[in-house]
Each structure stands twice: as structure tokens, then as C-alpha cells.
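Coordinates as given in run_37.txt (compact mmCIF, N, CA and C atoms):
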```
# COMPACT_ATOMS: atom_id res chain seq x y z
N MET A 1 13.96 -0.28 -3.27
CA MET A 1 12.63 -0.84 -3.14
C MET A 1 11.62 0.26 -3.49
N THR A 2 10.65 -0.08 -4.25
CA THR A 2 9.66 0.92 -4.64
C THR A 2 8.72 1.24 -3.49
N ALA A 3 8.00 2.33 -3.63
CA ALA A 3 7.02 2.71 -2.60
C ALA A 3 5.97 1.63 -2.43
N ILE A 4 5.62 0.96 -3.52
CA ILE A 4 4.61 -0.10 -3.46
C ILE A 4 5.14 -1.28 -2.65
N ARG A 5 6.34 -1.72 -2.96
CA ARG A 5 6.92 -2.85 -2.23
C ARG A 5 7.19 -2.50 -0.77
N THR A 6 7.62 -1.29 -0.53
CA THR A 6 7.87 -0.86 0.85
C THR A 6 6.58 -0.87 1.66
N ALA A 7 5.52 -0.31 1.10
CA ALA A 7 4.23 -0.29 1.80
C ALA A 7 3.72 -1.70 2.05
N ALA A 8 3.83 -2.57 1.04
CA ALA A 8 3.38 -3.96 1.20
C ALA A 8 4.18 -4.67 2.28
N ALA A 9 5.49 -4.47 2.28
CA ALA A 9 6.34 -5.12 3.29
C ALA A 9 5.97 -4.66 4.70
N GLU A 10 5.71 -3.37 4.84
CA GLU A 10 5.33 -2.86 6.16
C GLU A 10 3.96 -3.38 6.58
N LEU A 11 3.02 -3.43 5.63
CA LEU A 11 1.68 -3.92 5.96
C LEU A 11 1.67 -5.39 6.34
N GLU A 12 2.57 -6.16 5.77
CA GLU A 12 2.64 -7.59 6.10
C GLU A 12 2.87 -7.83 7.58
N ASP A 13 3.57 -6.91 8.22
CA ASP A 13 3.91 -7.08 9.63
C ASP A 13 2.92 -6.42 10.58
N LEU A 14 1.90 -5.77 10.04
CA LEU A 14 0.92 -5.07 10.88
C LEU A 14 -0.43 -5.76 10.82
N HIS A 15 -1.22 -5.57 11.87
CA HIS A 15 -2.54 -6.19 11.91
C HIS A 15 -3.53 -5.24 12.59
N GLY A 16 -4.78 -5.40 12.26
CA GLY A 16 -5.85 -4.66 12.92
C GLY A 16 -5.71 -3.15 12.82
N ALA A 17 -5.96 -2.49 13.95
CA ALA A 17 -5.96 -1.03 14.00
C ALA A 17 -4.61 -0.45 13.58
N GLU A 18 -3.54 -1.12 13.95
CA GLU A 18 -2.21 -0.63 13.60
C GLU A 18 -2.02 -0.61 12.08
N ALA A 19 -2.49 -1.65 11.40
CA ALA A 19 -2.40 -1.71 9.94
C ALA A 19 -3.26 -0.62 9.31
N LEU A 20 -4.46 -0.45 9.83
CA LEU A 20 -5.36 0.57 9.30
C LEU A 20 -4.78 1.97 9.47
N GLN A 21 -4.22 2.24 10.62
CA GLN A 21 -3.61 3.56 10.86
C GLN A 21 -2.43 3.80 9.92
N PHE A 22 -1.58 2.79 9.78
CA PHE A 22 -0.46 2.91 8.85
C PHE A 22 -0.97 3.21 7.45
N TRP A 23 -1.95 2.46 7.00
CA TRP A 23 -2.47 2.58 5.64
C TRP A 23 -3.07 3.97 5.40
N ARG A 24 -3.84 4.45 6.34
CA ARG A 24 -4.42 5.78 6.21
C ARG A 24 -3.35 6.86 6.16
N ARG A 25 -2.34 6.74 7.03
CA ARG A 25 -1.24 7.72 7.02
C ARG A 25 -0.49 7.68 5.70
N ARG A 26 -0.22 6.49 5.19
CA ARG A 26 0.55 6.35 3.94
C ARG A 26 -0.22 6.95 2.77
N CYS A 27 -1.50 6.67 2.68
CA CYS A 27 -2.31 7.22 1.58
C CYS A 27 -2.46 8.73 1.72
N ARG A 28 -2.61 9.23 2.94
CA ARG A 28 -2.71 10.67 3.17
C ARG A 28 -1.41 11.36 2.79
N THR A 29 -0.28 10.76 3.14
CA THR A 29 1.02 11.31 2.78
C THR A 29 1.17 11.39 1.27
N LEU A 30 0.80 10.33 0.58
CA LEU A 30 0.86 10.32 -0.87
C LEU A 30 -0.01 11.43 -1.45
N ALA A 31 -1.23 11.54 -0.96
CA ALA A 31 -2.14 12.59 -1.45
C ALA A 31 -1.54 13.97 -1.21
N ASP A 32 -0.99 14.20 -0.03
CA ASP A 32 -0.38 15.50 0.29
C ASP A 32 0.78 15.80 -0.66
N GLU A 33 1.61 14.79 -0.94
CA GLU A 33 2.73 14.97 -1.86
C GLU A 33 2.24 15.33 -3.26
N LEU A 34 1.18 14.67 -3.71
CA LEU A 34 0.63 14.94 -5.04
C LEU A 34 0.02 16.34 -5.12
N PHE A 35 -0.71 16.72 -4.08
CA PHE A 35 -1.27 18.09 -4.04
C PHE A 35 -0.14 19.12 -4.07
N ALA A 36 0.94 18.86 -3.33
CA ALA A 36 2.07 19.79 -3.29
C ALA A 36 2.73 19.93 -4.66
N CYS A 37 2.62 18.89 -5.48
CA CYS A 37 3.18 18.94 -6.84
C CYS A 37 2.24 19.62 -7.83
N GLY A 38 1.06 20.03 -7.34
CA GLY A 38 0.12 20.73 -8.19
C GLY A 38 -0.93 19.86 -8.88
N CYS A 39 -1.04 18.61 -8.46
CA CYS A 39 -2.04 17.73 -9.05
C CYS A 39 -3.45 18.16 -8.64
N SER A 40 -4.39 17.95 -9.53
CA SER A 40 -5.79 18.26 -9.23
C SER A 40 -6.35 17.20 -8.27
N GLU A 41 -7.49 17.51 -7.68
CA GLU A 41 -8.12 16.56 -6.77
C GLU A 41 -8.45 15.25 -7.48
N ASP A 42 -8.93 15.33 -8.72
CA ASP A 42 -9.24 14.12 -9.48
C ASP A 42 -7.99 13.29 -9.75
N GLU A 43 -6.89 13.96 -10.09
CA GLU A 43 -5.64 13.25 -10.36
C GLU A 43 -5.10 12.62 -9.08
N VAL A 44 -5.19 13.32 -7.97
CA VAL A 44 -4.75 12.78 -6.69
C VAL A 44 -5.57 11.54 -6.35
N ARG A 45 -6.87 11.65 -6.49
CA ARG A 45 -7.75 10.52 -6.19
C ARG A 45 -7.38 9.31 -7.06
N ARG A 46 -7.16 9.54 -8.35
CA ARG A 46 -6.83 8.45 -9.27
C ARG A 46 -5.51 7.80 -8.89
N GLN A 47 -4.51 8.64 -8.59
CA GLN A 47 -3.20 8.09 -8.26
C GLN A 47 -3.20 7.34 -6.93
N VAL A 48 -3.93 7.84 -5.96
CA VAL A 48 -4.02 7.13 -4.67
C VAL A 48 -4.74 5.80 -4.87
N MET A 49 -5.80 5.79 -5.65
CA MET A 49 -6.51 4.53 -5.92
C MET A 49 -5.61 3.55 -6.67
N ASP A 50 -4.84 4.04 -7.63
CA ASP A 50 -3.89 3.18 -8.34
C ASP A 50 -2.85 2.60 -7.38
N PHE A 51 -2.34 3.45 -6.48
CA PHE A 51 -1.37 3.01 -5.49
C PHE A 51 -1.97 1.92 -4.60
N GLN A 52 -3.19 2.13 -4.15
CA GLN A 52 -3.85 1.14 -3.31
C GLN A 52 -3.99 -0.20 -4.03
N GLY A 53 -4.38 -0.14 -5.29
CA GLY A 53 -4.52 -1.37 -6.08
C GLY A 53 -3.19 -2.08 -6.28
N GLU A 54 -2.13 -1.31 -6.52
CA GLU A 54 -0.81 -1.91 -6.72
C GLU A 54 -0.28 -2.53 -5.43
N VAL A 55 -0.52 -1.88 -4.30
CA VAL A 55 -0.08 -2.46 -3.03
C VAL A 55 -0.85 -3.74 -2.75
N GLN A 56 -2.15 -3.73 -3.01
CA GLN A 56 -2.95 -4.94 -2.81
C GLN A 56 -2.44 -6.07 -3.69
N ALA A 57 -2.12 -5.77 -4.95
CA ALA A 57 -1.60 -6.79 -5.86
C ALA A 57 -0.25 -7.33 -5.36
N GLU A 58 0.59 -6.45 -4.84
CA GLU A 58 1.88 -6.88 -4.29
C GLU A 58 1.69 -7.77 -3.07
N LEU A 59 0.74 -7.42 -2.21
CA LEU A 59 0.46 -8.28 -1.05
C LEU A 59 -0.02 -9.66 -1.49
N GLN A 60 -0.87 -9.71 -2.50
CA GLN A 60 -1.36 -11.00 -3.02
C GLN A 60 -0.21 -11.79 -3.62
N HIS A 61 0.65 -11.11 -4.37
CA HIS A 61 1.81 -11.77 -4.98
C HIS A 61 2.70 -12.37 -3.89
N ARG A 62 2.96 -11.61 -2.84
CA ARG A 62 3.79 -12.10 -1.75
C ARG A 62 3.16 -13.31 -1.07
N HIS A 63 1.86 -13.24 -0.87
CA HIS A 63 1.16 -14.35 -0.23
C HIS A 63 1.24 -15.61 -1.10
N LEU A 64 0.94 -15.46 -2.39
CA LEU A 64 0.98 -16.61 -3.30
C LEU A 64 2.38 -17.17 -3.42
N SER A 65 3.38 -16.31 -3.36
CA SER A 65 4.76 -16.78 -3.41
C SER A 65 5.10 -17.63 -2.19
N ARG A 66 4.65 -17.19 -1.01
CA ARG A 66 4.88 -17.97 0.21
C ARG A 66 4.14 -19.30 0.15
N VAL A 67 2.91 -19.28 -0.36
CA VAL A 67 2.12 -20.51 -0.46
C VAL A 67 2.82 -21.49 -1.39
N SER A 68 3.28 -21.01 -2.54
CA SER A 68 3.93 -21.90 -3.51
C SER A 68 5.25 -22.47 -2.97
N GLN A 69 5.87 -21.75 -2.05
CA GLN A 69 7.11 -22.24 -1.43
C GLN A 69 6.83 -23.08 -0.19
N GLY A 70 5.56 -23.20 0.16
CA GLY A 70 5.20 -23.97 1.34
C GLY A 70 5.46 -23.26 2.63
N VAL A 71 5.60 -21.95 2.57
CA VAL A 71 5.88 -21.14 3.77
C VAL A 71 4.66 -20.27 4.04
N MET A 72 4.10 -20.40 5.20
CA MET A 72 2.95 -19.58 5.59
C MET A 72 3.25 -18.92 6.92
N SER A 73 2.97 -17.61 6.99
CA SER A 73 3.16 -16.91 8.27
C SER A 73 2.04 -17.29 9.20
N GLN A 74 2.32 -17.28 10.46
CA GLN A 74 1.32 -17.68 11.44
C GLN A 74 0.85 -16.51 12.23
```
Output the structure of this file as C-alpha cells.
Amino acid sequence: MTAIRTAAAELEDLHGAEALQFWRRRCRTLADELFACGCSEDEVRRQVMDFQGEVQAELQHRHLSRVSQGVMSQ
């Protein structure tokens, strides 16, 4: 499972402050990993923003898939 799918799967099960804390930790971890690899601040910012967008798209895809199957989480 990719980092994007893993993050989306974890976020699906979290709500409110718990989801926000998870998301901040995950993005901070990614940024730290990129800095450790020698990426510039601009590159880190771009990659974290790309990651955020991809996770959001995966969450939307998962939601639309459940809707099309007639399955909605409560």
C-alpha cells in the first residue's frame, strides 16, 4: 500500500482533533524525511502540498466508490 493510500485509510477512521493531530504528524514526518534527504525548503513544501492533494483525492475516490456501491459509513 502506498503512503497515500495508507494515510487515506487511517484518516477515514479518525475524526475531529484526532484526525487533525494525525494529519499534522504525518505531514511533519514527511517534511522531516525530505529535509533529511537534503531537499530544500521549497522542495519540501511542494512535496508536502502534493502529498496532501493526493491524499485528499484518494479520500474522495474512496467516498465516491462507497457511494456508487450504495455503502455509506455512518
Straight-line distance linking atom N of Glu58 (chain A) with atom N of Cys37 (chain A), stated in Å to one decimal | 25.4 Å
Contacts of Ala8 (chain A) at 6 Å or less, counting all atoms listed in the file, minus same-chain residues fewer than 3 places along, as JSON, numbers by chain?
-> {"A": [3, 4, 5, 11, 12, 55, 58, 59]}
Mind checking which residues fall within 8 Å of Leu30 (chain A), counting only N, CA and C atoms, ignoring those fewer than 5 positions away in the same chain, and posting them as number ranges by chain?
-> A: 24-25, 35-36, 44, 47-48
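The space between atom N of Gly16 (chain A) and atom C of His63 (chain A) spans 17.9 Å.
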Name the residues of chain A that fall into helix (DSSP H, G or I) according to DSSP on the backbone, using the chain letters and numbers of this document, as JSON, numbers by chain.
-> {"A": [3, 4, 5, 6, 7, 8, 9, 10, 11, 12, 16, 17, 18, 19, 20, 21, 22, 23, 24, 25, 26, 27, 28, 29, 30, 31, 32, 33, 34, 35, 36, 41, 42, 43, 44, 45, 46, 47, 48, 49, 50, 51, 52, 53, 54, 55, 56, 57, 58, 59, 60, 61, 62, 63, 64, 65, 66, 67, 68]}
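Minimum distance to Gln52 (chain A) across A:Ala9, A:Cys27, A:Leu64, A:Gly70 (counting only N, CA and C atoms) occurs at A:Cys27.
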Can you give me all heavy atoms for region 4-15 of chain A, written as a CSV table (one decimal), keeping the file's coordinate frame?
```
chain,number,residue,atom,x,y,z
A,4,ILE,N,5.6,1.0,-3.5
A,4,ILE,CA,4.6,-0.1,-3.5
A,4,ILE,C,5.1,-1.3,-2.6
A,4,ILE,O,4.5,-1.8,-1.7
A,4,ILE,CB,4.2,-0.5,-4.9
A,4,ILE,CG1,3.4,0.6,-5.6
A,4,ILE,CG2,3.4,-1.8,-4.9
A,4,ILE,CD1,3.3,0.5,-7.0
A,5,ARG,N,6.3,-1.7,-3.0
A,5,ARG,CA,6.9,-2.8,-2.2
A,5,ARG,C,7.2,-2.5,-0.8
A,5,ARG,O,7.0,-3.3,0.1
A,5,ARG,CB,8.2,-3.3,-2.9
A,5,ARG,CG,7.9,-4.0,-4.2
A,5,ARG,CD,9.2,-4.6,-4.8
A,5,ARG,NE,8.9,-5.3,-6.0
A,5,ARG,CZ,9.7,-5.3,-7.1
A,5,ARG,NH1,10.9,-4.7,-7.0
A,5,ARG,NH2,9.3,-5.9,-8.2
A,6,THR,N,7.6,-1.3,-0.5
A,6,THR,CA,7.9,-0.9,0.8
A,6,THR,C,6.6,-0.9,1.7
A,6,THR,O,6.5,-1.4,2.8
A,6,THR,CB,8.5,0.6,0.9
A,6,THR,OG1,9.7,0.5,0.1
A,6,THR,CG2,8.7,1.0,2.3
A,7,ALA,N,5.5,-0.3,1.1
A,7,ALA,CA,4.2,-0.3,1.8
A,7,ALA,C,3.7,-1.7,2.0
A,7,ALA,O,3.2,-2.0,3.1
A,7,ALA,CB,3.2,0.5,1.0
A,8,ALA,N,3.8,-2.6,1.0
A,8,ALA,CA,3.4,-4.0,1.2
A,8,ALA,C,4.2,-4.7,2.3
A,8,ALA,O,3.6,-5.4,3.1
A,8,ALA,CB,3.5,-4.7,-0.1
A,9,ALA,N,5.5,-4.5,2.3
A,9,ALA,CA,6.3,-5.1,3.3
A,9,ALA,C,6.0,-4.7,4.7
A,9,ALA,O,5.9,-5.5,5.6
A,9,ALA,CB,7.8,-4.8,3.0
A,10,GLU,N,5.7,-3.4,4.8
A,10,GLU,CA,5.3,-2.9,6.2
A,10,GLU,C,4.0,-3.4,6.6
A,10,GLU,O,3.8,-3.7,7.7
A,10,GLU,CB,5.4,-1.3,6.2
A,10,GLU,CG,6.8,-0.8,6.0
A,10,GLU,CD,6.8,0.7,6.2
A,10,GLU,OE1,6.2,1.3,7.0
A,10,GLU,OE2,7.6,1.3,5.4
A,11,LEU,N,3.0,-3.4,5.6
A,11,LEU,CA,1.7,-3.9,6.0
A,11,LEU,C,1.7,-5.4,6.3
A,11,LEU,O,0.9,-5.8,7.2
A,11,LEU,CB,0.7,-3.7,4.8
A,11,LEU,CG,0.1,-2.3,4.7
A,11,LEU,CD1,-0.6,-2.1,3.3
A,11,LEU,CD2,-0.8,-2.1,5.8
A,12,GLU,N,2.6,-6.2,5.8
A,12,GLU,CA,2.6,-7.6,6.1
A,12,GLU,C,2.9,-7.8,7.6
A,12,GLU,O,2.4,-8.8,8.1
A,12,GLU,CB,3.8,-8.3,5.3
A,12,GLU,CG,3.4,-8.7,3.9
A,12,GLU,CD,4.5,-9.4,3.2
A,12,GLU,OE1,5.7,-9.1,3.4
A,12,GLU,OE2,4.1,-10.4,2.6
A,13,ASP,N,3.6,-6.9,8.2
A,13,ASP,CA,3.9,-7.1,9.6
A,13,ASP,C,2.9,-6.4,10.6
A,13,ASP,O,3.1,-6.5,11.8
A,13,ASP,CB,5.3,-6.5,9.9
A,13,ASP,CG,6.4,-7.3,9.1
A,13,ASP,OD1,6.2,-8.5,8.9
A,13,ASP,OD2,7.4,-6.7,8.8
A,14,LEU,N,1.9,-5.8,10.0
A,14,LEU,CA,0.9,-5.1,10.9
A,14,LEU,C,-0.4,-5.8,10.8
A,14,LEU,O,-0.8,-6.4,9.8
A,14,LEU,CB,0.8,-3.6,10.4
A,14,LEU,CG,2.1,-2.8,10.4
A,14,LEU,CD1,1.8,-1.4,9.8
A,14,LEU,CD2,2.6,-2.6,11.9
A,15,HIS,N,-1.2,-5.6,11.9
A,15,HIS,CA,-2.5,-6.2,11.9
A,15,HIS,C,-3.5,-5.2,12.6
A,15,HIS,O,-3.1,-4.4,13.4
A,15,HIS,CB,-2.5,-7.5,12.7
A,15,HIS,CG,-1.5,-8.5,12.1
A,15,HIS,ND1,-1.7,-9.2,11.0
A,15,HIS,CD2,-0.3,-8.8,12.5
A,15,HIS,CE1,-0.7,-9.9,10.7
A,15,HIS,NE2,0.2,-9.7,11.6
```
